[in-house]
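K.L.:
Structure file query_7.cif, mmCIF, C-alpha atoms, is pasted below:
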```
data_run
loop_
_atom_site.label_atom_id
_atom_site.label_comp_id
_atom_site.auth_asym_id
_atom_site.auth_seq_id
_atom_site.Cartn_x
_atom_site.Cartn_y
_atom_site.Cartn_z
CA MET A 390 72.79 83.25 90.63
CA ALA A 391 74.12 80.15 88.98
CA ALA A 392 71.39 78.23 90.72
CA THR A 393 68.80 80.68 89.42
CA ARG A 394 70.08 80.28 85.88
CA GLY A 395 70.08 76.55 86.32
CA CYS A 396 66.46 76.77 87.39
CA LEU A 397 65.76 78.89 84.33
CA LEU A 398 67.25 76.23 82.11
CA VAL A 399 65.02 73.58 83.62
CA GLY A 400 62.16 76.06 83.83
CA GLY A 401 62.59 76.82 80.15
CA LEU A 402 62.16 73.16 79.36
CA LEU A 403 58.99 72.87 81.42
CA ALA A 404 57.44 76.25 80.66
CA ALA A 405 57.69 75.61 76.95
CA SER A 406 55.46 72.59 77.40
CA GLY A 407 52.27 74.51 78.04
CA ALA A 408 51.43 75.21 74.41
CA GLY A 409 49.50 72.09 73.44
CA ALA A 410 47.90 68.95 74.75
CA VAL A 411 48.50 65.31 73.98
CA ASP A 412 45.80 63.37 72.17
CA LEU A 413 44.32 60.11 73.31
CA PRO A 414 45.65 57.15 71.32
CA GLU A 415 43.36 56.68 68.31
CA ASP A 416 40.49 54.19 68.42
CA ARG A 417 41.55 51.02 66.69
CA ALA A 418 40.96 47.32 66.19
CA ASP A 419 43.70 44.85 65.25
CA ALA A 420 43.66 41.16 64.45
CA LEU A 421 46.98 39.35 64.10
CA LEU A 422 47.95 35.83 63.11
CA HIS A 423 51.45 34.92 64.28
CA VAL A 424 53.56 31.88 63.49
CA TYR A 425 56.96 30.98 64.96
CA ASN A 426 58.70 27.93 63.53
CA GLY A 427 62.21 26.88 64.44
CA GLY A 428 64.35 24.46 66.41
CA GLY A 429 61.51 21.95 66.64
CA VAL A 430 59.11 24.49 68.17
CA ARG A 431 56.02 25.72 66.41
CA ALA A 432 53.92 28.42 68.07
CA VAL A 433 50.82 29.65 66.28
CA GLY A 434 47.93 31.80 67.31
CA PRO A 435 45.78 34.84 66.90
CA ALA A 436 46.06 38.08 68.82
CA LEU A 437 43.40 40.76 69.08
CA LEU A 438 43.40 44.37 70.24
CA VAL A 439 40.48 46.80 70.55
CA ARG A 440 40.82 50.36 71.82
CA LYS A 441 37.85 52.69 72.23
CA ARG A 442 37.48 56.17 73.62
CA ILE A 443 34.73 56.06 76.23
CA ALA A 444 35.00 59.64 77.50
CA ASP A 445 36.58 62.89 76.42
CA ARG A 446 39.92 62.06 78.02
CA PHE A 447 39.69 58.34 78.66
CA SER A 448 39.96 55.23 76.52
CA LEU A 449 39.98 51.52 77.26
CA THR A 450 42.07 48.85 75.53
CA GLY A 451 41.46 45.13 75.60
CA THR A 452 43.89 42.52 74.25
CA TYR A 453 43.85 38.79 73.76
CA TYR A 454 46.82 36.69 72.75
CA LEU A 455 46.99 32.97 72.13
CA ASP A 456 50.01 30.70 71.69
CA ALA A 457 49.35 27.13 70.59
CA VAL A 458 52.78 25.56 71.11
CA SER A 459 53.96 22.27 69.70
CA ASN A 460 57.33 21.62 71.33
CA ALA A 461 59.89 19.16 70.01
CA SER A 462 62.92 21.32 70.77
CA ILE A 463 66.35 19.75 71.31
CA ASP A 464 65.87 20.00 75.11
CA VAL A 465 62.57 18.18 74.89
CA VAL A 466 63.49 15.42 72.43
CA THR A 467 66.77 14.57 74.18
CA THR A 468 65.31 14.37 77.71
CA ALA A 469 61.55 13.83 77.35
CA SER A 470 58.92 13.52 74.64
CA LYS A 471 57.20 16.02 72.37
CA TYR A 472 54.26 17.90 73.87
CA SER A 473 51.66 20.49 72.97
CA GLU A 474 50.09 23.18 75.12
CA THR A 475 48.19 26.41 74.80
CA ARG A 476 48.77 29.76 76.46
CA HIS A 477 46.05 32.40 76.78
CA GLU A 478 46.85 35.99 77.67
CA PHE A 479 44.26 38.65 78.46
CA GLY A 480 45.01 42.32 78.98
CA LEU A 481 42.98 45.37 79.95
CA SER A 482 44.28 48.91 80.22
CA GLY A 483 43.00 52.45 80.46
CA ASP A 484 44.54 55.64 79.08
CA TYR A 485 43.83 59.04 80.59
CA VAL A 486 45.16 62.27 79.11
CA TYR A 487 45.39 65.64 80.81
CA ARG A 488 47.10 68.54 79.07
CA ASP A 489 50.57 67.24 78.14
CA SER A 490 50.39 64.04 80.17
CA GLN A 491 49.12 60.57 79.54
CA ILE A 492 48.62 58.02 82.30
CA THR A 493 48.13 54.35 81.49
CA LEU A 494 47.03 51.73 84.00
CA GLY A 495 46.90 48.13 82.89
CA ALA A 496 46.79 44.51 83.94
CA THR A 497 47.55 41.26 82.11
CA THR A 498 47.11 37.64 82.97
CA SER A 499 48.70 34.74 81.12
CA ARG A 500 47.57 31.17 81.68
CA GLU A 501 49.15 27.85 80.72
CA PRO A 502 48.35 24.46 82.26
CA ASP A 503 51.40 24.69 84.55
CA TYR A 504 52.21 28.43 84.63
CA THR A 505 50.13 31.48 85.49
CA ALA A 506 51.52 35.01 85.23
CA THR A 507 49.71 38.14 86.41
CA ALA A 508 51.09 41.66 86.11
CA GLY A 509 50.01 45.23 86.77
CA THR A 510 51.51 48.22 84.98
CA VAL A 511 51.46 51.97 85.37
CA ASN A 512 52.98 54.29 82.76
CA LEU A 513 53.22 58.06 82.72
CA THR A 514 54.32 60.11 79.71
CA GLN A 515 54.81 63.85 79.73
CA GLU A 516 55.54 66.13 76.79
CA VAL A 517 57.89 68.96 77.64
CA PHE A 518 59.97 71.54 75.84
CA GLY A 519 57.27 72.60 73.40
CA GLY A 520 56.51 69.01 72.46
CA MET A 521 60.09 68.33 71.38
CA THR A 522 60.77 66.02 74.31
CA THR A 523 58.63 63.22 75.71
CA VAL A 524 59.59 61.78 79.06
CA SER A 525 58.12 58.47 80.19
CA LEU A 526 58.15 56.61 83.48
CA GLY A 527 56.83 53.10 83.98
CA PHE A 528 56.51 50.40 86.60
CA THR A 529 55.36 46.80 86.27
CA ARG A 530 54.84 44.34 89.09
CA GLY A 531 54.29 40.68 88.24
CA VAL A 532 53.62 37.48 90.14
CA ASP A 533 53.88 34.01 88.57
CA ASP A 534 52.56 30.72 89.91
CA VAL A 535 54.84 27.92 88.73
CA GLY A 536 53.59 24.35 88.63
CA LYS A 537 54.66 21.04 87.16
CA LYS A 538 52.45 18.74 85.15
CA ASP A 539 51.54 15.50 86.95
CA SER A 540 53.41 16.71 90.06
CA PRO A 541 50.82 18.39 92.31
CA GLU A 542 53.37 18.50 95.14
CA PHE A 543 55.45 21.04 93.15
CA SER A 544 54.30 24.62 93.54
CA ASP A 545 56.40 27.78 93.63
CA LYS A 546 56.21 31.47 92.86
CA ALA A 547 58.24 34.05 90.96
CA LYS A 548 57.96 37.80 91.47
CA HIS A 549 59.07 40.52 89.08
CA TRP A 550 59.66 44.26 89.35
CA GLN A 551 60.36 46.44 86.30
CA TYR A 552 61.20 50.16 86.46
CA ARG A 553 61.37 52.09 83.18
CA LEU A 554 62.58 55.53 82.20
CA GLY A 555 62.50 56.83 78.65
CA VAL A 556 63.15 60.02 76.73
CA SER A 557 62.16 60.68 73.13
CA GLN A 558 63.74 63.77 71.60
CA ILE A 559 63.13 65.59 68.33
CA LEU A 560 66.59 66.53 67.11
CA THR A 561 65.84 68.27 63.83
CA PRO A 562 62.82 68.50 61.49
CA ARG A 563 63.97 65.12 60.11
CA TRP A 564 65.56 63.21 62.99
CA ILE A 565 64.22 61.76 66.27
CA MET A 566 66.08 59.80 68.90
CA SER A 567 65.00 57.92 71.99
CA ALA A 568 66.79 56.57 75.03
CA ASN A 569 65.22 53.92 77.25
CA PHE A 570 66.49 52.53 80.51
CA GLU A 571 65.00 49.65 82.47
CA ALA A 572 65.89 48.05 85.81
CA ILE A 573 64.48 44.61 86.43
CA ALA A 574 64.45 42.54 89.60
CA ASP A 575 63.20 38.95 89.85
CA SER A 576 62.90 36.66 92.81
CA GLY A 577 61.53 33.20 93.44
CA TYR A 578 61.62 30.17 91.16
CA LEU A 579 63.43 31.40 88.05
CA GLY A 580 64.10 28.11 86.25
CA SER A 581 62.12 25.29 84.73
CA PRO A 582 61.02 22.24 86.74
CA TYR A 583 61.37 20.12 83.59
CA ARG A 584 64.80 21.11 82.30
CA VAL A 585 67.93 19.21 83.25
CA ALA A 586 71.60 20.15 83.43
CA ARG A 587 74.55 17.84 82.78
CA VAL A 588 77.15 17.22 85.47
CA PHE A 589 79.91 14.73 84.62
CA GLY A 590 77.71 13.67 81.70
CA ALA A 591 74.75 12.77 83.94
CA ALA A 592 71.38 14.55 83.83
CA VAL A 593 70.48 16.42 87.02
CA PRO A 594 67.67 18.92 87.69
CA GLU A 595 68.83 22.47 86.93
CA ARG A 596 69.44 24.76 89.91
CA HIS A 597 69.10 28.53 89.39
CA PRO A 598 69.63 31.33 91.92
CA ARG A 599 66.34 32.62 93.36
CA THR A 600 67.19 36.28 92.70
CA ARG A 601 68.22 38.15 89.59
CA SER A 602 68.76 41.83 88.99
CA ALA A 603 69.26 43.32 85.53
CA ARG A 604 69.82 46.66 83.79
CA ALA A 605 69.11 47.43 80.14
CA ALA A 606 69.68 50.62 78.16
CA LYS A 607 68.64 51.22 74.56
CA LEU A 608 69.30 54.06 72.14
CA ARG A 609 67.30 54.48 68.93
CA LEU A 610 67.52 56.90 66.07
CA ILE A 611 65.19 57.40 63.14
CA GLY A 612 65.70 59.80 60.27
CA ASP A 613 63.75 60.97 57.23
CA LEU A 614 65.89 60.71 54.08
CA GLY A 615 63.73 63.04 52.03
CA SER A 616 62.39 60.74 49.29
CA ARG A 617 59.46 59.31 51.27
CA ASP A 618 61.95 56.96 52.88
CA ALA A 619 63.57 56.69 56.29
CA VAL A 620 66.37 54.89 58.05
CA HIS A 621 66.49 53.69 61.64
CA ALA A 622 69.11 52.21 63.95
CA GLY A 623 69.24 51.00 67.52
CA TYR A 624 71.58 49.58 70.10
CA ARG A 625 70.83 47.93 73.45
CA TYR A 626 73.19 46.94 76.23
CA PHE A 627 72.10 44.48 78.90
CA ARG A 628 73.78 42.99 81.94
CA ASP A 629 72.57 41.20 85.04
CA THR A 630 73.74 39.68 88.29
CA TRP A 631 73.96 36.25 86.65
CA GLU A 632 76.84 37.77 84.66
CA ILE A 633 74.98 37.73 81.36
CA LYS A 634 76.13 40.57 79.13
CA ALA A 635 74.33 41.16 75.86
CA HIS A 636 74.55 43.54 72.92
CA THR A 637 71.76 44.06 70.39
CA ALA A 638 72.21 46.13 67.22
CA GLU A 639 69.51 46.87 64.65
CA VAL A 640 69.40 48.81 61.39
CA GLY A 641 66.51 49.23 59.01
CA TYR A 642 65.21 51.07 55.99
CA SER A 643 61.60 52.07 55.23
CA ARG A 644 60.12 53.36 52.00
CA TYR A 645 56.74 54.21 50.50
CA PHE A 646 55.77 52.70 47.16
CA GLY A 647 53.01 54.88 45.83
CA ASP A 648 50.51 56.09 48.40
CA PRO A 649 49.21 52.81 49.77
CA PHE A 650 52.35 50.70 50.30
CA LEU A 651 54.92 51.12 53.05
CA ALA A 652 57.79 48.59 53.08
CA ASP A 653 60.46 47.97 55.69
CA THR A 654 63.58 45.85 55.77
CA PHE A 655 65.68 45.31 58.88
CA LEU A 656 68.75 43.50 60.15
CA ARG A 657 69.16 42.58 63.81
CA TYR A 658 72.27 41.18 65.47
CA TYR A 659 72.25 39.82 69.01
CA THR A 660 75.12 38.41 71.03
CA GLN A 661 75.41 37.42 74.68
CA LYS A 662 77.95 36.05 77.11
CA GLY A 663 76.48 33.21 79.14
CA ALA A 664 75.54 33.07 82.80
CA LEU A 665 78.17 32.30 85.40
CA PHE A 666 76.58 28.97 86.34
CA TYR A 667 75.80 27.83 82.78
CA SER A 668 77.65 24.72 81.68
CA ASP A 669 77.28 22.45 78.68
CA ASN A 670 78.60 19.60 80.81
CA ALA A 671 79.82 20.65 84.28
CA GLN A 672 83.02 19.06 85.50
CA SER A 673 82.57 20.03 89.14
CA GLU A 674 79.69 20.11 91.61
CA THR A 675 78.42 23.66 92.15
CA LEU A 676 75.52 25.21 94.05
CA TYR A 677 73.89 26.45 90.84
CA VAL A 678 74.00 24.73 87.49
CA SER A 679 72.05 25.18 84.28
CA ARG A 680 72.04 23.95 80.70
CA ASN A 681 69.35 26.36 79.58
CA ARG A 682 70.37 27.54 76.08
CA GLN A 683 68.81 30.93 76.85
CA LEU A 684 71.57 31.46 79.42
CA SER A 685 74.44 30.18 77.25
CA THR A 686 76.91 32.08 75.11
CA PHE A 687 75.37 32.50 71.67
CA SER A 688 74.61 34.94 68.88
CA SER A 689 71.75 35.35 66.45
CA VAL A 690 71.19 37.26 63.23
CA GLY A 691 67.73 38.19 62.02
CA LEU A 692 66.85 39.50 58.59
CA GLY A 693 63.29 40.64 58.00
CA ALA A 694 60.85 42.55 55.84
CA LYS A 695 57.44 44.12 56.43
CA LEU A 696 54.80 45.43 54.08
CA ALA A 697 51.80 47.55 55.03
CA TRP A 698 49.01 48.18 52.52
CA THR A 699 46.47 50.91 53.18
CA ALA A 700 43.50 49.15 51.63
CA ARG A 701 40.91 51.81 52.41
CA LYS A 702 41.21 55.33 53.72
CA VAL A 703 38.56 57.94 54.35
CA PRO A 704 40.33 60.99 55.83
CA ASP A 705 39.17 61.91 59.36
CA LYS A 706 36.88 58.88 59.43
CA TYR A 707 38.65 55.56 59.19
CA GLU A 708 41.58 53.66 57.69
CA VAL A 709 42.08 49.95 57.08
CA LYS A 710 45.53 48.42 56.67
CA LEU A 711 46.75 44.94 55.85
CA ASN A 712 50.17 44.10 57.22
CA GLY A 713 52.58 41.25 56.57
CA ALA A 714 55.99 40.59 58.13
CA TYR A 715 58.58 37.84 57.78
CA GLU A 716 61.82 37.39 59.71
CA LEU A 717 64.44 34.68 59.30
CA VAL A 718 66.66 34.20 62.36
CA ARG A 719 69.85 32.14 62.61
CA PHE A 720 70.92 31.02 66.12
CA ASN A 721 74.51 29.87 66.71
CA TYR A 722 75.33 28.42 70.14
CA LYS A 723 78.98 28.51 71.16
CA ASP A 724 78.83 26.14 74.16
CA PHE A 725 75.72 24.04 73.73
CA THR A 726 76.37 20.62 72.23
CA ASP A 727 73.76 18.72 70.26
CA ILE A 728 74.22 15.42 72.10
CA ARG A 729 72.66 13.58 69.15
CA ASN A 730 75.67 14.31 66.91
CA GLY A 731 78.29 15.94 69.17
CA LYS A 732 78.31 19.21 67.19
CA LYS A 733 77.66 22.76 68.41
CA TYR A 734 73.94 23.42 68.14
CA ALA A 735 72.55 25.86 65.56
CA PHE A 736 69.18 26.31 63.93
CA ASN A 737 67.10 28.61 61.73
CA ALA A 738 63.75 30.03 62.80
CA SER A 739 61.08 31.91 60.89
CA VAL A 740 58.58 34.40 62.27
CA VAL A 741 55.49 35.29 60.24
CA GLN A 742 52.94 37.96 61.18
CA LEU A 743 49.79 38.73 59.19
CA SER A 744 47.42 41.36 60.48
CA VAL A 745 44.56 43.66 59.64
CA SER A 746 44.23 46.92 61.52
CA ALA A 747 41.55 49.56 61.44
CA THR A 748 41.73 53.02 62.96
CA PHE A 749 38.57 55.05 63.34
CA MET B 15 97.89 64.48 96.54
CA THR B 16 96.93 62.66 93.36
CA ALA B 17 93.51 61.85 94.85
CA HIS B 18 93.08 65.53 95.75
CA ARG B 19 93.81 66.53 92.15
CA ARG B 20 91.29 63.99 90.93
CA LEU B 21 88.63 65.72 93.04
CA VAL B 22 89.60 69.25 92.05
CA ALA B 23 89.38 68.71 88.29
CA PRO B 24 85.68 67.69 88.16
CA LEU B 25 84.75 70.36 90.76
CA LEU B 26 86.42 72.98 88.59
CA ALA B 27 84.59 71.70 85.52
CA VAL B 28 81.20 71.79 87.29
CA SER B 29 81.90 75.31 88.63
CA LEU B 30 82.75 76.58 85.15
CA LEU B 31 79.58 74.98 83.81
CA LEU B 32 77.43 76.68 86.47
CA LEU B 33 79.13 80.04 85.93
CA GLY B 34 78.61 79.62 82.20
CA GLY B 35 74.91 79.15 82.93
CA CYS B 36 74.81 82.78 84.16
CA ALA B 37 75.66 84.00 80.70
CA ILE B 38 73.21 81.96 78.62
CA LYS B 39 69.49 82.29 78.09
CA PRO B 40 67.04 79.44 78.70
CA ILE B 41 67.06 76.96 75.83
CA GLN B 42 64.07 77.35 73.55
CA PRO B 43 62.54 74.61 71.36
CA TRP B 44 64.47 74.81 68.11
CA VAL B 45 62.11 72.72 65.95
CA LYS B 46 58.83 74.62 65.73
CA PRO B 47 55.49 72.78 65.48
CA TYR B 48 55.10 73.85 61.83
CA GLU B 49 58.45 72.22 61.04
CA ARG B 50 57.32 68.78 62.27
CA GLU B 51 55.25 67.68 59.28
CA ARG B 52 57.75 65.00 58.24
CA LEU B 53 58.04 63.74 61.82
CA ALA B 54 54.27 63.16 61.98
CA ASP B 55 54.38 60.65 59.12
CA PRO B 56 53.87 57.00 60.23
CA ILE B 57 57.23 56.14 58.64
CA MET B 58 58.89 58.09 61.49
CA LYS B 59 57.30 56.11 64.33
CA PHE B 60 59.49 53.81 66.44
CA THR B 61 56.53 51.44 66.88
CA ARG B 62 53.90 51.30 64.13
CA ASN B 63 52.12 48.03 64.84
CA GLY B 64 51.99 47.50 68.60
CA LEU B 65 50.42 44.05 68.54
CA ALA B 66 53.02 42.66 66.11
CA GLU B 67 55.86 44.35 68.03
CA LYS B 68 54.65 42.76 71.23
CA HIS B 69 54.73 39.35 69.56
CA SER B 70 58.27 39.93 68.26
CA GLU B 71 59.43 40.95 71.74
CA HIS B 72 57.83 37.88 73.27
CA VAL B 73 59.55 35.58 70.74
CA ARG B 74 62.89 37.18 71.68
CA ASP B 75 62.27 37.31 75.45
CA VAL B 76 61.83 33.56 75.72
CA ARG B 77 64.98 32.78 73.70
CA GLU B 78 67.47 35.44 74.75
CA GLY B 79 68.99 36.17 78.14
CA ALA B 80 68.50 39.91 77.70
CA ARG B 81 65.24 41.80 77.96
CA GLY B 82 63.85 45.22 78.72
CA ALA B 83 64.31 48.83 77.60
CA THR B 84 62.59 48.13 74.29
CA GLY B 85 59.75 50.61 74.73
CA VAL B 86 57.31 47.75 74.07
CA GLN B 87 55.04 46.29 76.75
CA GLY B 88 55.50 42.54 76.88
CA GLY B 89 53.89 39.69 78.76
CA GLY B 90 55.93 37.75 81.29
CA CYS B 91 56.05 33.98 81.09
CA GLY B 92 58.57 31.27 80.37
CA CYS B 93 56.69 29.60 77.56
CA ASN B 94 56.77 29.35 73.75
#
```
Render the structure in this file as structure tokens.
P.N.:
Amino acid sequence: MAATRGCLLVGGLLAASGAGAVDLPEDRADALLHVYNGGGVRAVGPALLVRKRIADRFSLTGTYYLDAVSNASIDVVTTASKYSETRHEFGLSGDYVYRDSQITLGATTSREPDYTATAGTVNLTQEVFGGMTTVSLGFTRGVDDVGKKDSPEFSDKAKHWQYRLGVSQILTPRWIMSANFEAIADSGYLGSPYRVARVFGAAVPERHPRTRSARAAKLRLIGDLGSRDAVHAGYRYFRDTWEIKAHTAEVGYSRYFGDPFLADTFLRYYTQKGALFYSDNAQSETLYVSRNRQLSTFSSVGLGAKLAWTARKVPDKYEVKLNGAYELVRFNYKDFTDIRNGKKYAFNASVVQLSVSATF
Amino acid sequence: MTAHRRLVAPLLAVSLLLLGGCAIKPIQPWVKPYERERLADPIMKFTRNGLAEKHSEHVRDVREGARGATGVQGGGCGCN
């Protein structure tokens, strides 16, 4: 009997889902100019996205993303010389909807002179419980070819597996929450053939484990405050088998100004404990050693703002928006020494995004 | 004995939960479609500008040790 009732509970969730059908994502075209500037690195480029319905239940999306990187970061200027390179990323995906489900199949390829990454993705979302709950499942499989400039004898691979589970839940007529979980597994060459570690003050090539397994969980909440404004908050916990533990907290506020302007402000705090084999200057010989700042103990604070302007809107036909975003991020490293002055390393970075988007 | 008690307590809790299920009706959606007007506004979306969000995630992925569970599809490479 209890089992029957239990089935009814679950059955109630599923049966209530038959009322409607999900819509295909709207047709759209986006053009973005992005600029990252900080710590001696400048990355600039355009990004494009076009999505078009090509059948009643099927649409195709194409993306292009370019990063023109000029790198004079502390790692580069203290061990090598400044360089520039360009990364091109192409993506193609298809969305298919059937009743309350949407299936997305996609592939991306990213190319740099010494690094090629290819990935395939499948995502499934299902509305249940009368449209109050959306469940999503996803899987991504990636393979990278790692090379080294002017060293044709160096060639290695990295493989990646990502498994995702998400739930979005309407709580009240004004509040929505979501919970996302992701398990990630990597194997192969997971370091950089250029970067060096320090052991007894001497530079040696970094040595990373060839496997890594990670778990991440994120909770988000967004609420309508009633005066054409909203507040949102999020928290993510991450840990992996390299003993990195990280916490990310975000809060933000959004508000309309008149009909055409929508403004956002947000604050993001990130902190992590470094990897087990990370060392600023190792005082013993170990199997694995790294001085990659990304794996060190550090924290960052980001403060940002966004503004969207609906420049033209013809209801049920098309809409054109201009978007601008700026974020200032402060990085503070707790165990990475700037060997140029002997102080703990810290820097500010700025992220600028300017885009035009049209839905039709 | 202590270990036995540790097992009994959760079993008792699960049994009570299942028995309780006999007395309740299936849960029904409590926010009706006509009550979701505010939720349909773009201001209530977790991700409004996918291309820009993807860029933000990429900037963070190549500088932070943590990644994943963001709800945003990112590209995988160790550049930038």
K.L.:
May I have the residues within 7 Å of Asp503 in chain A as an mmCIF file with C-alpha atoms, in the coordinates of the input, using all atoms listed in the file and disregarding those fewer than 4 positions away in the same chain?
P.N.:
```cif
data_model
loop_
_atom_site.group_PDB
_atom_site.id
_atom_site.type_symbol
_atom_site.label_atom_id
_atom_site.label_comp_id
_atom_site.auth_asym_id
_atom_site.auth_seq_id
_atom_site.Cartn_x
_atom_site.Cartn_y
_atom_site.Cartn_z
ATOM 1 C CA VAL A 535 54.840 27.920 88.730
ATOM 2 C CA GLY A 536 53.590 24.350 88.630
ATOM 3 C CA LYS A 537 54.660 21.040 87.160
ATOM 4 C CA LYS A 538 52.450 18.740 85.150
#
```
K.L.:
What is the distance, in Å and to one decimal place, between CA of Arg488 in chain A and CA of Ala444 in chain A?
P.N.:
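We find that CA of Arg488 in chain A and CA of Ala444 in chain A lie 15.1 Å from each other.
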K.L.:
Between A:Glu542, A:Asp419, A:Asp648, A:Asp464, which is the closest to Tyr734 in chain A once you count all atoms listed in the file?
P.N.:
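Looking only at the distances to Tyr734 in chain A, the closest residue turns out to be A:Asp464.
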K.L.:
What residues come out when you apply the PyMOL selection byres ((chain A and resi 582) around 10) to this file, written as an mmCIF file with C-alpha atoms, in the frame of the given file?
P.N.:
```
data_model
loop_
_atom_site.group_PDB
_atom_site.id
_atom_site.type_symbol
_atom_site.label_atom_id
_atom_site.label_comp_id
_atom_site.auth_asym_id
_atom_site.auth_seq_id
_atom_site.Cartn_x
_atom_site.Cartn_y
_atom_site.Cartn_z
ATOM 1 C CA VAL A 535 54.840 27.920 88.730
ATOM 2 C CA GLY A 536 53.590 24.350 88.630
ATOM 3 C CA LYS A 537 54.660 21.040 87.160
ATOM 4 C CA LYS A 538 52.450 18.740 85.150
ATOM 5 C CA SER A 540 53.410 16.710 90.060
ATOM 6 C CA PHE A 543 55.450 21.040 93.150
ATOM 7 C CA SER A 544 54.300 24.620 93.540
ATOM 8 C CA ASP A 545 56.400 27.780 93.630
ATOM 9 C CA TYR A 578 61.620 30.170 91.160
ATOM 10 C CA LEU A 579 63.430 31.400 88.050
ATOM 11 C CA GLY A 580 64.100 28.110 86.250
ATOM 12 C CA SER A 581 62.120 25.290 84.730
ATOM 13 C CA TYR A 583 61.370 20.120 83.590
ATOM 14 C CA ARG A 584 64.800 21.110 82.300
ATOM 15 C CA VAL A 585 67.930 19.210 83.250
ATOM 16 C CA PRO A 594 67.670 18.920 87.690
ATOM 17 C CA GLU A 595 68.830 22.470 86.930
ATOM 18 C CA ARG A 596 69.440 24.760 89.910
#
```
K.L.:
Which one of A:Asp705, A:Asp456, A:Asp669, A:Glu516 sits closest to chain B if you count all atoms listed in the file?
P.N.:
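Going through A:Asp705, A:Asp456, A:Asp669, A:Glu516 one by one, the smallest distance to chain B is for A:Asp456.
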K.L.:
Calculated over only C-alpha atoms, which of the candidates B:Ala54, B:Ile41, B:Leu65, B:Val76 has the smallest distance to Ala436 in chain A?
P.N.:
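Residue with the minimum atom-to-atom distance to Ala436 in chain A: B:Leu65.
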K.L.:
When the PyMOL selection byres ((chain A and resi 642) around 6) is applied to the file above, which residues end up in the set, as a list in words?
P.N.:
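Going through the file, the PyMOL selection byres ((chain A and resi 642) around 6) ends up selecting Ala619, Val620, Gly641, Ser643, Asp653 and Thr654 of chain A.
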K.L.:
One number please: CA of Lys723 in chain A to CA of Gly663 in chain A, in Å, one decimal.
P.N.:
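Here the two named atoms are 9.6 Å from each other.
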K.L.:
With only C-alpha atoms as the atoms that count, which of A:Lys546, A:Arg625, A:Arg609, A:Lys706 lies nearest to Glu415 in chain A?
P.N.:
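With only C-alpha atoms as the atom set, the closest residue is A:Lys706.
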K.L.:
Got a sec: who's within 8 Å of Ala80 in chain B, counting only C-alpha atoms, leaving out chain neighbours fewer than 3 positions off, as a PyMOL selection string?
P.N.:
(chain A and resi 605+627-628+633-635+661) or (chain B and resi 75)
K.L.:
I would like the residues chosen by the PyMOL selection byres ((chain A and resi 749) around 6) on the shown file; could you give them as a compact mmCIF listing (two decimals) with C-alpha atoms, in the frame of the given file?
P.N.:
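Everything below was put into selection-v2.txt:
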```txt
# COMPACT_ATOMS: atom_id res chain seq x y z
CA ASP A 416 40.49 54.19 68.42
CA LYS A 706 36.88 58.88 59.43
CA TYR A 707 38.65 55.56 59.19
CA THR A 748 41.73 53.02 62.96
```
K.L.:
Choose the residue, out of B:Arg74, B:Arg81, B:His69, B:Lys59, that has the smallest atom-to-atom separation from Leu610 in chain A; count only C-alpha atoms.
P.N.:
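For Leu610 in chain A, the nearest of the given residues is B:Lys59.
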